[in-house]
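Take a look at the structure set out below.
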Amino acid sequence: MIKMINIDLDGTLLNSEGKVSERTIEDFKKAKEKNIEIVITSGRPPKSTLSIAEETGASRYIIAGNGAIVYDKKEDYNIFNGYLTQEKVLEIIDICEKNSIYYNVYTKNDILTKSFEYNILFYHKENIFKPNDKKTNINLVEDIKKYIIDNNISDFLKVTVCDNSKIIFQNILKKLRQIQGIDVLDVAHMSKKIIKEGTQYFDVHYCYTEISRAGINKWTAIKKLANYLNISEEEILTIGDNINDYEMVKHAGIGVAMENGSPKVKEVATYITKNNQQDGVALAIEKYVLNDD
């Protein structure tokens, strides 16, 4: 019997406009009535993750930063954190700067970036339609390394790295993997974001990876929360699409991949649901939770 559902955001719960369907929200309500925890499990920072959890009526717990934080919003308490050290973040920045590679640094409260490009452009456009208290905090910084040192920042969730060229990107991945104490996601496909400009939509394609502290991912965070709530791995349903969802889809009692997801994630899934434009999350919840009587 499923007792906890962990759901990714981008490409999974959220459609191309960054919204959650009414059908899905209604299914959340029905699942919670059966005392099932609905846990938004995202690579986003806590504030952005929490705002969507509140909008959808999800449970009191969230997992943010690819598992770097497990947070209890009712108690305003971090059940777990697995931050990157400042030393490792500065080492990553040095490699990116020397090779003119675009990167962002995710802290507990902000995303540090030099410009609105790639994944940050998507969040920036999404912010336009949100009230101030629901926006993702994007901090434009001219010199990120100096800003980190001057402000003695230590709560690093992850670093993201992007580039248009697969050749350049693969070369940077090799350099990054030489750093000890970090995990670099093995991404074999181009990422895609749909950006809204007025009434028009256009696709942005780019190579993308995420860097976390070694041993930190969504599944390790889910296990921390499950242990806290006395829930077994067999009682967990996970739903995701991208490579940062691989571990949680592979190891959960039931792991669901989105139709629009990474081929690698689909390979290890228990079930492949419809895409994020066709209520894939709702269909999975209905199949494994609401229609089990």
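Chain labels A, B, ... are given in the sequence in which chains occur in the structure tokens; within each chain residues are numbered consecutively from 1, and ligands are likewise numbered from 1 in the order shown.
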Show me, as CSV, the residues of range 91-196 of chain A having an atom within 12 Å of range 19-43 of chain A, each with the closest atom pair and its distance in Å, using only C-alpha atoms.
```
residue,atom,partner,partner_atom,distance
A:Tyr106,CA,A:Gly43,CA,9.5
A:Thr107,CA,A:Gly43,CA,11.5
A:Lys108,CA,A:Gly43,CA,11.5
A:Ile111,CA,A:Gly43,CA,11.7
A:Asn119,CA,A:Gly43,CA,11.7
A:Glu126,CA,A:Lys19,CA,9.8
A:Phe129,CA,A:Lys19,CA,10.8
A:Lys130,CA,A:Lys19,CA,11.1
A:Leu157,CA,A:Gly43,CA,8.8
A:Lys158,CA,A:Gly43,CA,8.5
A:Val159,CA,A:Gly43,CA,10.5
A:Thr160,CA,A:Gly43,CA,10.2
```
Selection from above, N, CA, C and O atoms, as a JSON list (two decimals), in the first residue's frame, can you write it?
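Ended up saving to part-v7.json:
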```json
[["chain", "number", "residue", "atom", "x", "y", "z"],
["A", 106, "TYR", "N", 23.00, 27.50, -6.93],
["A", 106, "TYR", "CA", 21.75, 27.48, -6.17],
["A", 106, "TYR", "C", 22.08, 27.44, -4.67],
["A", 106, "TYR", "O", 22.73, 26.50, -4.19],
["A", 107, "THR", "N", 21.63, 28.45, -3.94],
["A", 107, "THR", "CA", 21.74, 28.44, -2.50],
["A", 107, "THR", "C", 20.36, 28.16, -1.91],
["A", 107, "THR", "O", 19.38, 28.02, -2.65],
["A", 108, "LYS", "N", 20.28, 28.10, -0.60],
["A", 108, "LYS", "CA", 19.01, 27.83, 0.04],
["A", 108, "LYS", "C", 17.95, 28.88, -0.34],
["A", 108, "LYS", "O", 16.77, 28.55, -0.49],
["A", 111, "ILE", "N", 19.12, 31.84, -6.48],
["A", 111, "ILE", "CA", 19.93, 31.32, -7.58],
["A", 111, "ILE", "C", 20.86, 32.45, -8.01],
["A", 111, "ILE", "O", 20.41, 33.53, -8.40],
["A", 119, "ASN", "N", 18.23, 27.66, -18.44],
["A", 119, "ASN", "CA", 17.24, 27.33, -17.41],
["A", 119, "ASN", "C", 16.80, 28.56, -16.61],
["A", 119, "ASN", "O", 15.65, 28.64, -16.17],
["A", 126, "GLU", "N", 8.79, 32.64, -15.95],
["A", 126, "GLU", "CA", 7.77, 32.11, -15.05],
["A", 126, "GLU", "C", 7.45, 33.12, -13.94],
["A", 126, "GLU", "O", 6.29, 33.28, -13.54],
["A", 129, "PHE", "N", 4.61, 35.98, -14.14],
["A", 129, "PHE", "CA", 3.20, 35.69, -13.90],
["A", 129, "PHE", "C", 2.90, 35.32, -12.45],
["A", 129, "PHE", "O", 1.80, 34.92, -12.12],
["A", 130, "LYS", "N", 3.90, 35.46, -11.57],
["A", 130, "LYS", "CA", 3.71, 35.09, -10.17],
["A", 130, "LYS", "C", 3.75, 36.32, -9.27],
["A", 130, "LYS", "O", 4.47, 37.29, -9.54],
["A", 157, "LEU", "N", 23.02, 24.37, -2.52],
["A", 157, "LEU", "CA", 22.24, 23.19, -2.88],
["A", 157, "LEU", "C", 22.88, 22.44, -4.04],
["A", 157, "LEU", "O", 23.03, 21.22, -4.00],
["A", 158, "LYS", "N", 23.20, 23.18, -5.10],
["A", 158, "LYS", "CA", 23.75, 22.56, -6.30],
["A", 158, "LYS", "C", 24.31, 23.65, -7.21],
["A", 158, "LYS", "O", 24.09, 24.84, -7.01],
["A", 159, "VAL", "N", 25.03, 23.21, -8.24],
["A", 159, "VAL", "CA", 25.49, 24.10, -9.31],
["A", 159, "VAL", "C", 25.00, 23.51, -10.63],
["A", 159, "VAL", "O", 25.08, 22.29, -10.83],
["A", 160, "THR", "N", 24.45, 24.34, -11.49],
["A", 160, "THR", "CA", 24.04, 23.87, -12.81],
["A", 160, "THR", "C", 24.96, 24.45, -13.87],
["A", 160, "THR", "O", 25.43, 25.58, -13.75]]
```
Exercise for the section: Run DSSP on the backbone of this structure and report the residues of range 101-234 of chain A it assigns to strand (DSSP E or B), as an MDAnalysis selection string. Expected result: chainID A and resid 102:107 111:113 138:140 156:163 182:184 191:197 200:213
**Message:** According to DSSP computed on the backbone, where in range 24-232 of chain A is there alpha helix (DSSP H)? Give the residues as number ranges by chain.
**Reply:** A: 24-33, 46-56, 86-98, 118-128, 144-150, 166-176, 218-229
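The interatomic distance for the pair CA of Thr56 in chain A and CA of Gly18 in chain A works out to 12.5 Å.
The smallest atom-to-atom distance between Asn227 in chain A and any of A:Ile79, A:Val265, A:Asp94, A:Asn109, using only C-alpha atoms, is found for A:Ile79.
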CA of Lys134 in chain A sits from CA of Pro45 in chain A at a separation of 11.8 Å
For Glu267 in chain A, work out the shell of residues within 12 Å, counting only C-alpha atoms and skipping chain neighbours fewer than 3 positions away, then give it as a VMD selection string. chain A and resid 241 243 246 to 247 249 to 250 255 to 259 261 to 264 270 to 272
Could the residues in this selection be written to a file with N, CA and C atoms, as a PDB file, in the first residue's frame?
```pdb
ATOM      1  N   ASP A 241      10.738  12.733 -14.622  1.00  0.00           N
ATOM      2  CA  ASP A 241      11.009  12.712 -16.064  1.00  0.00           C
ATOM      3  C   ASP A 241      12.485  12.796 -16.435  1.00  0.00           C
ATOM      4  N   ILE A 243      16.909  13.116 -15.714  1.00  0.00           N
ATOM      5  CA  ILE A 243      17.957  12.248 -15.184  1.00  0.00           C
ATOM      6  C   ILE A 243      18.148  12.423 -13.687  1.00  0.00           C
ATOM      7  N   TYR A 246      16.249   9.801 -11.861  1.00  0.00           N
ATOM      8  CA  TYR A 246      16.589   8.409 -12.171  1.00  0.00           C
ATOM      9  C   TYR A 246      16.609   7.516 -10.928  1.00  0.00           C
ATOM     10  N   GLU A 247      17.341   7.948  -9.909  1.00  0.00           N
ATOM     11  CA  GLU A 247      17.497   7.111  -8.716  1.00  0.00           C
ATOM     12  C   GLU A 247      16.166   6.888  -8.005  1.00  0.00           C
ATOM     13  N   VAL A 249      13.114   7.012  -9.291  1.00  0.00           N
ATOM     14  CA  VAL A 249      12.235   6.176 -10.118  1.00  0.00           C
ATOM     15  C   VAL A 249      12.706   4.720 -10.083  1.00  0.00           C
ATOM     16  N   LYS A 250      14.007   4.518 -10.074  1.00  0.00           N
ATOM     17  CA  LYS A 250      14.565   3.167 -10.091  1.00  0.00           C
ATOM     18  C   LYS A 250      14.318   2.417  -8.786  1.00  0.00           C
ATOM     19  N   GLY A 255       7.993   3.150  -9.359  1.00  0.00           N
ATOM     20  CA  GLY A 255       8.634   4.293  -9.998  1.00  0.00           C
ATOM     21  C   GLY A 255       7.976   4.570 -11.337  1.00  0.00           C
ATOM     22  N   VAL A 256       7.442   5.773 -11.491  1.00  0.00           N
ATOM     23  CA  VAL A 256       6.726   6.141 -12.713  1.00  0.00           C
ATOM     24  C   VAL A 256       7.530   7.174 -13.497  1.00  0.00           C
ATOM     25  N   ALA A 257       7.702   6.935 -14.782  1.00  0.00           N
ATOM     26  CA  ALA A 257       8.364   7.885 -15.674  1.00  0.00           C
ATOM     27  C   ALA A 257       7.331   8.544 -16.579  1.00  0.00           C
ATOM     28  N   MET A 258       7.579   9.809 -16.899  1.00  0.00           N
ATOM     29  CA  MET A 258       6.707  10.528 -17.810  1.00  0.00           C
ATOM     30  C   MET A 258       7.001  10.127 -19.256  1.00  0.00           C
ATOM     31  N   GLU A 259       5.978  10.140 -20.077  1.00  0.00           N
ATOM     32  CA  GLU A 259       6.142   9.832 -21.499  1.00  0.00           C
ATOM     33  C   GLU A 259       7.150  10.766 -22.154  1.00  0.00           C
ATOM     34  N   GLY A 261       9.738  11.915 -20.749  1.00  0.00           N
ATOM     35  CA  GLY A 261      10.952  11.831 -19.955  1.00  0.00           C
ATOM     36  C   GLY A 261      12.169  11.296 -20.691  1.00  0.00           C
ATOM     37  N   SER A 262      13.291  11.293 -19.974  1.00  0.00           N
ATOM     38  CA  SER A 262      14.552  10.764 -20.480  1.00  0.00           C
ATOM     39  C   SER A 262      14.432   9.264 -20.745  1.00  0.00           C
ATOM     40  N   PRO A 263      14.968   8.780 -21.863  1.00  0.00           N
ATOM     41  CA  PRO A 263      14.942   7.333 -22.149  1.00  0.00           C
ATOM     42  C   PRO A 263      15.561   6.512 -21.026  1.00  0.00           C
ATOM     43  N   LYS A 264      16.596   7.039 -20.400  1.00  0.00           N
ATOM     44  CA  LYS A 264      17.268   6.312 -19.318  1.00  0.00           C
ATOM     45  C   LYS A 264      16.333   6.125 -18.126  1.00  0.00           C
ATOM     46  N   THR A 270       8.697   1.432 -13.350  1.00  0.00           N
ATOM     47  CA  THR A 270       7.666   0.414 -13.228  1.00  0.00           C
ATOM     48  C   THR A 270       6.596   0.629 -14.287  1.00  0.00           C
ATOM     49  N   TYR A 271       6.334   1.893 -14.563  1.00  0.00           N
ATOM     50  CA  TYR A 271       5.239   2.267 -15.453  1.00  0.00           C
ATOM     51  C   TYR A 271       5.575   3.592 -16.128  1.00  0.00           C
ATOM     52  N   ILE A 272       5.174   3.734 -17.392  1.00  0.00           N
ATOM     53  CA  ILE A 272       5.346   5.002 -18.113  1.00  0.00           C
ATOM     54  C   ILE A 272       3.965   5.611 -18.312  1.00  0.00           C
TER      55      ILE A 272
END
```
In Å and to one decimal, CA of Lys3 in chain A is distant from CA of Lys223 in chain A by 13.1 Å
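Distance check against Arg44 in chain A using only C-alpha atoms: of A:Gly67, A:Gly280, A:Gly240, A:Gly82, the minimum falls on A:Gly67.
With only C-alpha atoms taken into account, the protein and nucleic acid residues at most 7 Å from range 167-179 of chain A (excluding it and anything under 3 positions from it in its own chain) are Ile92, Asp163, Ile182, Val184 and Cys207 of chain A.
In terms of minimum interatomic distance to Asn152 in chain A, A:Thr85 ranks closest within A:Thr85, A:Tyr123, A:Asn275, A:Ile95, counting only C-alpha atoms.
Each of A:Val289, A:Ile2, A:Leu185, A:Ile239 was compared to Lys266 in chain A using only C-alpha atoms, and A:Ile239 turns out to be the nearest.
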**Message:** as JSON, numbers by chain, please: the residues near Tyr288 in chain A (cut-off 9 Å, only C-alpha atoms, same-chain neighbours under 6 positions excluded).
**Reply:** {"A": [1, 2, 237, 254]}
May I have the selected residues written with N, CA, C and O atoms, as a short mmCIF file (atom, residue, chain, number, x, y, z; two decimals), in the first residue's frame?
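Written output follows (out20.cif):
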```cif
data_model
loop_
_atom_site.label_atom_id
_atom_site.label_comp_id
_atom_site.auth_asym_id
_atom_site.auth_seq_id
_atom_site.Cartn_x
_atom_site.Cartn_y
_atom_site.Cartn_z
N MET A 1 0.84 -1.20 0.00
CA MET A 1 0.00 0.00 0.00
C MET A 1 0.87 1.25 0.00
O MET A 1 1.82 1.37 0.78
N ILE A 2 0.58 2.17 -0.90
CA ILE A 2 1.37 3.41 -1.01
C ILE A 2 1.03 4.36 0.14
O ILE A 2 -0.13 4.62 0.44
N LEU A 237 5.73 5.81 -3.92
CA LEU A 237 5.50 5.99 -5.36
C LEU A 237 6.23 7.25 -5.78
O LEU A 237 6.07 8.31 -5.17
N ILE A 254 7.17 1.80 -6.37
CA ILE A 254 6.64 2.01 -7.72
C ILE A 254 7.27 3.28 -8.27
O ILE A 254 7.12 4.36 -7.70
#
```
Quick one: everything within 10 Å of Tyr103 in chain A, counting only C-alpha atoms, minus sequence neighbours fewer than 4 positions away in the same chain. Send it as number ranges by chain. A: 92-93, 96-97, 112-115, 117-120, 144, 159-163, 208-210
Residues of the last selection are to be written out with N, CA and C atoms, as a PDB file, in the first residue's frame.
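To be explicit, this is the file written out as result_17.pdb:
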```pdb
ATOM      1  N   ILE A  92      34.400  24.456  -8.724  1.00  0.00           N
ATOM      2  CA  ILE A  92      33.539  24.314  -9.907  1.00  0.00           C
ATOM      3  C   ILE A  92      33.493  25.619 -10.684  1.00  0.00           C
ATOM      4  N   ILE A  93      33.332  26.726  -9.972  1.00  0.00           N
ATOM      5  CA  ILE A  93      33.278  28.044 -10.613  1.00  0.00           C
ATOM      6  C   ILE A  93      34.566  28.318 -11.380  1.00  0.00           C
ATOM      7  N   CYS A  96      34.510  26.538 -14.706  1.00  0.00           N
ATOM      8  CA  CYS A  96      33.550  27.152 -15.626  1.00  0.00           C
ATOM      9  C   CYS A  96      34.054  28.493 -16.151  1.00  0.00           C
ATOM     10  N   GLU A  97      34.625  29.298 -15.276  1.00  0.00           N
ATOM     11  CA  GLU A  97      35.133  30.618 -15.678  1.00  0.00           C
ATOM     12  C   GLU A  97      36.305  30.490 -16.651  1.00  0.00           C
ATOM     13  N   LEU A 112      22.153  32.228  -7.911  1.00  0.00           N
ATOM     14  CA  LEU A 112      23.144  33.219  -8.310  1.00  0.00           C
ATOM     15  C   LEU A 112      23.492  33.008  -9.773  1.00  0.00           C
ATOM     16  N   THR A 113      23.358  34.055 -10.571  1.00  0.00           N
ATOM     17  CA  THR A 113      23.619  33.932 -12.008  1.00  0.00           C
ATOM     18  C   THR A 113      24.126  35.252 -12.555  1.00  0.00           C
ATOM     19  N   LYS A 114      24.784  35.190 -13.707  1.00  0.00           N
ATOM     20  CA  LYS A 114      25.275  36.408 -14.351  1.00  0.00           C
ATOM     21  C   LYS A 114      24.297  36.965 -15.369  1.00  0.00           C
ATOM     22  N   SER A 115      23.403  36.116 -15.878  1.00  0.00           N
ATOM     23  CA  SER A 115      22.482  36.566 -16.926  1.00  0.00           C
ATOM     24  C   SER A 115      21.296  35.627 -17.025  1.00  0.00           C
ATOM     25  N   GLU A 117      19.726  33.275 -19.008  1.00  0.00           N
ATOM     26  CA  GLU A 117      19.885  32.383 -20.144  1.00  0.00           C
ATOM     27  C   GLU A 117      19.494  30.959 -19.734  1.00  0.00           C
ATOM     28  N   TYR A 118      19.240  30.115 -20.754  1.00  0.00           N
ATOM     29  CA  TYR A 118      18.987  28.694 -20.540  1.00  0.00           C
ATOM     30  C   TYR A 118      17.913  28.462 -19.465  1.00  0.00           C
ATOM     31  N   ASN A 119      18.226  27.658 -18.443  1.00  0.00           N
ATOM     32  CA  ASN A 119      17.238  27.330 -17.411  1.00  0.00           C
ATOM     33  C   ASN A 119      16.798  28.556 -16.615  1.00  0.00           C
ATOM     34  N   ILE A 120      17.672  29.519 -16.442  1.00  0.00           N
ATOM     35  CA  ILE A 120      17.331  30.718 -15.667  1.00  0.00           C
ATOM     36  C   ILE A 120      16.373  31.611 -16.450  1.00  0.00           C
ATOM     37  N   ILE A 144      30.320  36.112  -9.378  1.00  0.00           N
ATOM     38  CA  ILE A 144      29.704  35.172  -8.443  1.00  0.00           C
ATOM     39  C   ILE A 144      30.694  34.688  -7.378  1.00  0.00           C
ATOM     40  N   VAL A 159      25.030  23.209  -8.239  1.00  0.00           N
ATOM     41  CA  VAL A 159      25.493  24.097  -9.311  1.00  0.00           C
ATOM     42  C   VAL A 159      25.002  23.508 -10.625  1.00  0.00           C
ATOM     43  N   THR A 160      24.448  24.343 -11.492  1.00  0.00           N
ATOM     44  CA  THR A 160      24.035  23.872 -12.811  1.00  0.00           C
ATOM     45  C   THR A 160      24.961  24.455 -13.874  1.00  0.00           C
ATOM     46  N   VAL A 161      25.222  23.663 -14.902  1.00  0.00           N
ATOM     47  CA  VAL A 161      26.131  24.056 -15.971  1.00  0.00           C
ATOM     48  C   VAL A 161      25.446  23.827 -17.311  1.00  0.00           C
ATOM     49  N   CYS A 162      25.494  24.816 -18.201  1.00  0.00           N
ATOM     50  CA  CYS A 162      24.791  24.735 -19.490  1.00  0.00           C
ATOM     51  C   CYS A 162      25.698  25.183 -20.645  1.00  0.00           C
ATOM     52  N   ASP A 163      25.463  24.626 -21.831  1.00  0.00           N
ATOM     53  CA  ASP A 163      26.140  25.092 -23.038  1.00  0.00           C
ATOM     54  C   ASP A 163      25.400  24.567 -24.268  1.00  0.00           C
ATOM     55  N   TYR A 208      22.901  20.328 -20.472  1.00  0.00           N
ATOM     56  CA  TYR A 208      22.669  20.760 -19.092  1.00  0.00           C
ATOM     57  C   TYR A 208      23.053  19.662 -18.112  1.00  0.00           C
ATOM     58  N   THR A 209      23.725  20.030 -17.030  1.00  0.00           N
ATOM     59  CA  THR A 209      23.973  19.069 -15.967  1.00  0.00           C
ATOM     60  C   THR A 209      23.845  19.759 -14.617  1.00  0.00           C
ATOM     61  N   GLU A 210      23.720  18.955 -13.573  1.00  0.00           N
ATOM     62  CA  GLU A 210      23.596  19.463 -12.214  1.00  0.00           C
ATOM     63  C   GLU A 210      24.648  18.794 -11.334  1.00  0.00           C
TER      64      GLU A 210
END
```
For this session: Tell me which protein, DNA and RNA residues are within 8 Å of Met248 in chain A, counting only C-alpha atoms, leaving out same-chain ones fewer than 5 positions away, and put them as a PyMOL selection string.
Result: chain A and resi 218-219+222+238+255
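Shortest separation to Asn66 in chain A among A:Tyr147, A:Tyr206, A:Phe116, A:Tyr83 occurs at residue A:Tyr83, atoms counted being only C-alpha atoms.
Across A:Lys125, A:His251, A:Lys74, A:Lys145, the tightest approach to Val89 in chain A is made by A:Lys145 when counting only C-alpha atoms.
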